[in-house]
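K.L.:
So I've got this file, structure.cif, and it contains mmCIF, C-alpha atoms:
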```cif
data_data
#
loop_
_atom_site.group_PDB
_atom_site.id
_atom_site.type_symbol
_atom_site.label_atom_id
_atom_site.label_comp_id
_atom_site.auth_asym_id
_atom_site.auth_seq_id
_atom_site.Cartn_x
_atom_site.Cartn_y
_atom_site.Cartn_z
ATOM 1 C CA MET A 22 45.559 43.075 7.692
ATOM 2 C CA SER A 23 44.466 40.803 4.843
ATOM 3 C CA PHE A 24 41.166 41.131 3.053
ATOM 4 C CA LEU A 25 39.918 37.890 4.535
ATOM 5 C CA ALA A 26 40.872 39.013 8.037
ATOM 6 C CA LYS A 27 39.131 42.325 7.476
ATOM 7 C CA LEU A 28 36.063 40.539 6.226
ATOM 8 C CA LEU A 29 35.947 38.164 9.173
ATOM 9 C CA GLY A 30 36.731 40.947 11.604
ATOM 10 C CA SER A 31 34.012 43.199 10.261
ATOM 11 C CA SER A 32 31.416 40.428 10.422
ATOM 12 C CA GLY A 33 32.503 39.588 13.983
ATOM 13 C CA LYS A 34 32.173 43.207 15.152
ATOM 14 C CA SER A 35 28.554 43.395 14.137
ATOM 15 C CA GLY A 36 27.702 41.652 17.420
ATOM 16 C CA LYS A 37 24.898 39.656 15.861
ATOM 17 C CA SER A 38 25.384 36.006 14.975
ATOM 18 C CA PRO A 39 23.656 34.746 11.847
ATOM 19 C CA THR A 40 20.833 32.287 12.236
ATOM 20 C CA PRO A 41 21.456 28.678 11.155
ATOM 21 C CA GLN A 42 19.102 29.190 8.214
ATOM 22 C CA GLU A 43 21.053 32.238 7.055
ATOM 23 C CA ALA A 44 24.368 30.395 7.376
ATOM 24 C CA ILE A 45 23.019 27.393 5.455
ATOM 25 C CA GLN A 46 21.790 29.671 2.678
ATOM 26 C CA LYS A 47 25.211 31.354 2.447
ATOM 27 C CA LEU A 48 26.953 28.008 2.263
ATOM 28 C CA ARG A 49 24.636 26.864 -0.508
ATOM 29 C CA GLU A 50 25.366 30.026 -2.485
ATOM 30 C CA THR A 51 29.087 29.409 -2.018
ATOM 31 C CA GLU A 52 28.656 25.822 -3.189
ATOM 32 C CA GLU A 53 26.899 26.974 -6.349
ATOM 33 C CA MET A 54 29.676 29.461 -7.064
ATOM 34 C CA MET A 55 32.405 26.853 -6.549
ATOM 35 C CA ILE A 56 30.579 24.340 -8.754
ATOM 36 C CA LYS A 57 30.431 26.907 -11.570
ATOM 37 C CA LYS A 58 34.152 27.551 -11.185
ATOM 38 C CA GLN A 59 34.725 23.801 -11.175
ATOM 39 C CA GLU A 60 32.868 23.467 -14.478
ATOM 40 C CA PHE A 61 34.906 26.340 -15.934
ATOM 41 C CA LEU A 62 38.198 24.718 -14.944
ATOM 42 C CA GLU A 63 37.144 21.360 -16.381
ATOM 43 C CA LYS A 64 36.369 23.099 -19.663
ATOM 44 C CA LYS A 65 39.776 24.869 -19.658
ATOM 45 C CA ILE A 66 41.543 21.558 -18.950
ATOM 46 C CA ASP A 67 39.864 19.983 -21.982
ATOM 47 C CA GLU A 68 40.835 22.973 -24.122
ATOM 48 C CA GLU A 69 44.525 22.903 -23.063
ATOM 49 C CA LEU A 70 44.668 19.150 -23.592
ATOM 50 C CA ALA A 71 43.234 19.541 -27.081
ATOM 51 C CA LEU A 72 45.725 22.336 -27.777
ATOM 52 C CA ALA A 73 48.653 20.209 -26.631
ATOM 53 C CA LYS A 74 47.521 17.389 -28.902
ATOM 54 C CA LYS A 75 47.152 19.826 -31.790
ATOM 55 C CA HIS A 76 50.700 21.157 -31.513
ATOM 56 C CA GLY A 77 52.292 17.861 -30.581
ATOM 57 C CA THR A 78 55.881 17.540 -31.686
ATOM 58 C CA LYS A 79 55.400 20.116 -34.421
ATOM 59 C CA ASN A 80 55.360 22.953 -31.899
ATOM 60 C CA LYS A 81 56.772 21.377 -28.787
ATOM 61 C CA ARG A 82 57.032 24.655 -26.871
ATOM 62 C CA ALA A 83 53.360 25.547 -27.354
ATOM 63 C CA ALA A 84 52.334 21.986 -26.491
ATOM 64 C CA LEU A 85 54.351 22.035 -23.258
ATOM 65 C CA LEU A 86 52.861 25.407 -22.241
ATOM 66 C CA ALA A 87 49.385 24.006 -22.818
ATOM 67 C CA LEU A 88 50.185 21.009 -20.650
ATOM 68 C CA LYS A 89 51.559 23.290 -17.888
ATOM 69 C CA ARG A 90 48.373 25.351 -17.927
ATOM 70 C CA LYS A 91 46.377 22.122 -17.799
ATOM 71 C CA LYS A 92 48.346 21.078 -14.704
ATOM 72 C CA ARG A 93 47.619 24.416 -12.969
ATOM 73 C CA TYR A 94 43.932 24.129 -13.788
ATOM 74 C CA MET A 95 43.902 20.582 -12.434
ATOM 75 C CA LYS A 96 45.554 21.756 -9.225
ATOM 76 C CA GLN A 97 42.931 24.477 -8.806
ATOM 77 C CA LEU A 98 40.249 21.883 -9.545
ATOM 78 C CA ASP A 99 41.583 19.651 -6.770
ATOM 79 C CA GLN A 100 41.523 22.615 -4.370
ATOM 80 C CA ILE A 101 37.932 23.363 -5.303
ATOM 81 C CA ASP A 102 37.002 19.717 -4.716
ATOM 82 C CA GLY A 103 38.471 19.940 -1.211
ATOM 83 C CA THR A 104 36.719 23.245 -0.549
ATOM 84 C CA LEU A 105 33.401 21.850 -1.710
ATOM 85 C CA SER A 106 33.811 18.867 0.605
ATOM 86 C CA THR A 107 34.502 21.188 3.553
ATOM 87 C CA ILE A 108 31.537 23.420 2.723
ATOM 88 C CA GLU A 109 29.245 20.416 2.280
ATOM 89 C CA LEU A 110 30.337 18.983 5.629
ATOM 90 C CA GLN A 111 29.764 22.307 7.392
ATOM 91 C CA ARG A 112 26.360 22.728 5.779
ATOM 92 C CA GLU A 113 25.297 19.227 6.852
ATOM 93 C CA MET A 114 26.455 19.961 10.405
ATOM 94 C CA LEU A 115 24.373 23.132 10.460
ATOM 95 C CA GLU A 116 21.348 21.325 9.035
ATOM 96 C CA ASN A 117 21.661 18.577 11.654
ATOM 97 C CA ALA A 118 22.092 21.155 14.407
ATOM 98 C CA THR A 119 18.992 22.980 13.175
ATOM 99 C CA SER A 120 16.990 19.744 13.134
ATOM 100 C CA ASN A 121 18.186 18.816 16.616
ATOM 101 C CA THR A 122 17.326 22.272 17.918
ATOM 102 C CA GLU A 123 13.843 22.041 16.446
ATOM 103 C CA VAL A 124 13.349 18.557 17.887
ATOM 104 C CA LEU A 125 14.497 19.633 21.355
ATOM 105 C CA LYS A 126 12.295 22.703 21.204
ATOM 106 C CA ASN A 127 9.240 20.615 20.333
ATOM 107 C CA MET A 128 10.106 18.039 23.009
ATOM 108 C CA ASN A 129 10.370 20.820 25.587
ATOM 109 C CA TYR A 130 7.025 22.194 24.393
ATOM 110 C CA ALA A 131 5.420 18.769 24.730
ATOM 111 C CA SER A 132 6.972 18.279 28.160
ATOM 112 C CA LYS A 133 5.411 21.505 29.365
ATOM 113 C CA ALA A 134 2.047 20.420 27.968
ATOM 114 C CA ILE A 135 2.274 17.085 29.784
ATOM 115 C CA LYS A 136 3.262 18.832 32.991
ATOM 116 C CA ALA A 137 0.285 21.164 32.693
ATOM 117 C CA ALA A 138 -2.035 18.196 32.024
ATOM 118 C CA HIS A 139 -0.783 16.406 35.150
ATOM 119 C CA LYS A 140 -0.863 19.550 37.272
ATOM 120 C CA ASP A 141 -4.207 18.775 38.915
ATOM 121 C CA MET A 142 -3.660 15.022 39.073
ATOM 122 C CA ASP A 143 -2.591 13.084 42.153
ATOM 123 C CA VAL A 144 -1.465 9.458 42.001
ATOM 124 C CA ASP A 145 -3.213 8.559 45.263
ATOM 125 C CA LYS A 146 -6.432 10.145 44.026
ATOM 126 C CA VAL A 147 -6.170 8.187 40.782
ATOM 127 C CA HIS A 148 -5.803 4.905 42.701
ATOM 128 C CA ASP A 149 -8.738 5.812 44.938
ATOM 129 C CA LEU A 150 -10.850 6.596 41.894
ATOM 130 C CA LEU A 151 -9.955 3.280 40.226
ATOM 131 C CA ASP A 152 -10.794 1.374 43.435
ATOM 132 C CA GLU A 153 -14.123 3.156 43.635
ATOM 133 C CA ILE A 154 -14.909 2.305 40.006
ATOM 134 C CA ALA A 155 -14.065 -1.369 40.615
ATOM 135 C CA GLU A 156 -16.288 -1.412 43.714
ATOM 136 C CA GLN A 157 -19.194 0.137 41.817
ATOM 137 C CA ASN A 158 -18.758 -2.431 39.048
ATOM 138 C CA GLU A 159 -19.029 -5.251 41.587
ATOM 139 C CA ILE A 160 -22.186 -3.705 43.072
ATOM 140 C CA ALA A 161 -23.701 -3.311 39.606
ATOM 141 C CA GLN A 162 -22.946 -6.964 38.819
ATOM 142 C CA GLU A 163 -24.546 -8.123 42.060
ATOM 143 C CA ILE A 164 -27.652 -6.050 41.294
ATOM 144 C CA THR A 165 -27.848 -7.520 37.794
ATOM 145 C CA ASP A 166 -27.546 -11.062 39.137
ATOM 146 C CA ALA A 167 -30.225 -10.399 41.756
ATOM 147 C CA ILE A 168 -32.651 -8.973 39.188
ATOM 148 C CA SER A 169 -32.123 -11.788 36.688
ATOM 149 C CA ILE A 170 -33.143 -14.588 39.163
ATOM 150 C CA PRO A 171 -36.984 -14.852 39.394
ATOM 151 C CA ARG A 172 -38.313 -15.208 42.934
ATOM 152 C CA GLY A 173 -40.049 -18.497 43.801
ATOM 153 C CA MET A 174 -38.512 -20.336 40.855
ATOM 154 C CA ALA A 175 -35.405 -21.775 42.421
ATOM 155 C CA ASP A 176 -33.844 -24.845 40.848
ATOM 156 C CA ASP A 177 -35.118 -27.590 43.177
ATOM 157 C CA PHE A 178 -34.936 -30.398 40.602
ATOM 158 C CA ASP A 179 -33.316 -33.742 41.430
ATOM 159 C CA GLU A 180 -30.168 -34.001 39.322
ATOM 160 C CA ASP A 181 -30.205 -37.843 39.401
ATOM 161 C CA GLU A 182 -33.723 -37.889 37.943
ATOM 162 C CA LEU A 183 -32.652 -35.516 35.203
ATOM 163 C CA LEU A 184 -29.660 -37.713 34.335
ATOM 164 C CA SER A 185 -31.870 -40.807 34.216
ATOM 165 C CA GLU A 186 -34.326 -39.053 31.903
ATOM 166 C CA LEU A 187 -31.454 -37.958 29.705
ATOM 167 C CA GLU A 188 -30.178 -41.554 29.414
ATOM 168 C CA GLU A 189 -33.656 -42.758 28.425
ATOM 169 C CA LEU A 190 -33.881 -40.109 25.736
ATOM 170 C CA GLU A 191 -30.494 -41.111 24.374
ATOM 171 C CA GLN A 192 -31.475 -44.793 24.337
ATOM 172 C CA GLU A 193 -34.721 -44.007 22.470
ATOM 173 C CA GLU A 194 -32.763 -42.031 19.932
ATOM 174 C CA MET A 195 -30.307 -44.918 19.420
ATOM 175 C CA ASP A 196 -33.184 -47.445 18.996
ATOM 176 C CA LYS A 197 -34.840 -45.208 16.469
ATOM 177 C CA LYS A 198 -31.651 -44.906 14.426
ATOM 178 C CA LEU A 199 -31.138 -48.701 14.598
ATOM 179 C CA LEU A 200 -34.639 -49.357 13.216
ATOM 180 C CA GLU A 201 -34.066 -46.894 10.424
ATOM 181 C CA VAL A 202 -30.851 -48.693 9.474
ATOM 182 C CA GLU A 203 -32.562 -52.128 9.485
ATOM 183 C CA GLY A 204 -35.436 -50.829 7.353
ATOM 184 C CA THR A 205 -33.048 -49.604 4.699
ATOM 185 C CA GLU A 206 -31.214 -52.951 4.345
ATOM 186 C CA ASP A 207 -32.039 -54.755 1.060
ATOM 187 C CA VAL A 208 -31.729 -58.542 1.418
ATOM 188 C CA SER A 209 -31.975 -60.061 -2.065
ATOM 189 C CA LEU A 210 -33.033 -63.713 -2.233
ATOM 190 C CA PRO A 211 -32.557 -65.855 -5.345
ATOM 191 C CA SER A 212 -35.669 -66.125 -7.484
ATOM 192 C CA VAL A 213 -37.117 -69.663 -7.687
ATOM 193 C CA PRO A 214 -39.879 -70.656 -10.152
ATOM 194 C CA PRO A 215 -43.165 -71.406 -8.407
ATOM 195 C CA SER A 216 -43.421 -74.883 -9.934
ATOM 196 C CA SER A 217 -40.194 -76.066 -8.326
ATOM 197 C CA LEU A 218 -41.291 -75.223 -4.800
ATOM 198 C CA PRO A 219 -42.686 -78.187 -2.788
ATOM 199 C CA THR A 220 -46.345 -78.034 -1.922
ATOM 200 C CA ILE A 221 -46.831 -77.538 1.775
ATOM 201 C CA PRO A 222 -50.222 -78.789 2.886
ATOM 202 C CA THR A 223 -52.239 -76.288 4.743
ATOM 203 C CA LYS A 224 -53.977 -77.000 8.034
ATOM 204 C CA LYS A 225 -57.347 -77.251 6.318
ATOM 205 C CA LYS A 226 -56.035 -79.836 3.889
ATOM 206 C CA GLU A 227 -54.681 -81.933 6.756
ATOM 207 C CA GLU A 228 -58.049 -81.878 8.509
ATOM 208 C CA GLU A 229 -59.832 -83.007 5.331
ATOM 209 C CA ASP A 230 -57.435 -85.931 4.908
ATOM 210 C CA LEU A 231 -57.968 -86.948 8.524
ATOM 211 C CA ASP A 232 -61.749 -86.936 8.139
ATOM 212 C CA GLY A 233 -61.450 -89.080 5.003
ATOM 213 C CA MET A 234 -59.380 -91.697 6.770
ATOM 214 C CA GLU A 235 -61.850 -91.857 9.672
ATOM 215 C CA GLU A 236 -64.713 -92.413 7.209
ATOM 216 C CA LEU A 237 -62.726 -95.154 5.479
ATOM 217 C CA ALA A 238 -62.019 -96.885 8.798
ATOM 218 C CA SER A 239 -65.691 -96.722 9.788
ATOM 219 C CA TRP A 240 -66.800 -98.250 6.456
ATOM 220 C CA ALA A 241 -64.261 -101.061 6.755
ATOM 221 C CA THR A 242 -65.563 -102.102 10.196
ATOM 222 C CA SER A 243 -69.238 -101.999 9.267
#
```
Take the structure I supplied and represent it as structure tokens, if you would.
P.N.:
Amino acid sequence: MSFLAKLLGSSGKSGKSPTPQEAIQKLRETEEMMIKKQEFLEKKIDEELALAKKHGTKNKRAALLALKRKKRYMKQLDQIDGTLSTIELQREMLENATSNTEVLKNMNYASKAIKAAHKDMDVDKVHDLLDEIAEQNEIAQEITDAISIPRGMADDFDEDELLSELEELEQEEMDKKLLEVEGTEDVSLPSVPPSSLPTIPTKKKEEEDLDGMEELASWATS
């Protein structure tokens, strides 16, 4: 039996499965180890490449050996890249499964809480209660309306009389505004010197002239 088989077999015989958190932690530790090995191989590849360049055609055998080692390191590096991808995928699956488990657990907990809250509730009783509340609201509104209307002060006014009075008030307001507009108008007349205006005889002057003519007529006939 191989070492890996022994390892897997021994862990399977323990009878206890690891928790998702424990498995995730193990995978992260494995990732860190593989990344360190990846960095080591990258460093070795650079060293072998530099060695091959150093020997070049001067020491072709040493240069070719360096390139062969570089190829092996690159192959191992590719394998590590694939392993890291597999480990990362498995870790993400475990993390998602853990999140889903936690979500489902909390949803189940909430469902039980809702069920307990609705334990003493009955849909028919809820409807009856709402109908009773609506009925009491209507009664309260009727009471409020009854209280707010004073007794013996009913509106017995003639609506036609009120409309006629309203029209009179509006007409008075319009007349008032019209007078205000006429009072503000400034009609400018051209200024005329007093001497150029014709003399209009007053009534008293006309009477005096008439008396004078009567006296003259009386003197002429005497």
K.L.:
Let me have the centre and edge lengths of the axis-aligned box enclosing all listed atoms of stretch 48-59 of chain A with 8 Å padding on every side, in Å to one decimal, as lines of an AutoDock Vina configuration file.
P.N.:
```
center_x = 29.7
center_y = 26.9
center_z = -4.7
size_x = 26.1
size_y = 22.2
size_z = 29.8
```
K.L.:
Go through A:Ala138, A:Leu125, A:Met55, A:Ala71 and flag the residue nearest A:Gln100, using only C-alpha atoms for the distances.
P.N.:
A:Met55
K.L.:
Restricting the calculation to only C-alpha atoms, which member of A:Glu43, A:Glu159, A:Glu203, A:Glu194 is positioned closest to A:Glu116?
P.N.:
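Of the candidates, the smallest distance to A:Glu116 is held by A:Glu43.
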K.L.:
Between atom CA of A:Met95 and atom CA of A:Ile66, what distance in Å does the model show, to one decimal?
P.N.:
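That distance, rounded to one decimal, is 7.0 Å.
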K.L.:
Suppose you want the space between atom CA of A:Pro41 and atom CA of A:Met128; what is it in Å?
P.N.:
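That distance, rounded to one decimal, is 19.6 Å.
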K.L.:
Identify which of the residues A:Leu62, A:Leu199, A:Ala73, A:Ile45 lies closest to A:Arg112, counting all atoms listed in the file when measuring atom-to-atom distances.
P.N.:
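Among the listed residues, the smallest separation from A:Arg112 belongs to A:Ile45.
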K.L.:
In Å, with one decimal, what is the gap from atom CA of A:Thr122 to atom CA of A:Ala44?
P.N.:
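Atom CA of A:Thr122 sits 15.1 Å away from atom CA of A:Ala44.
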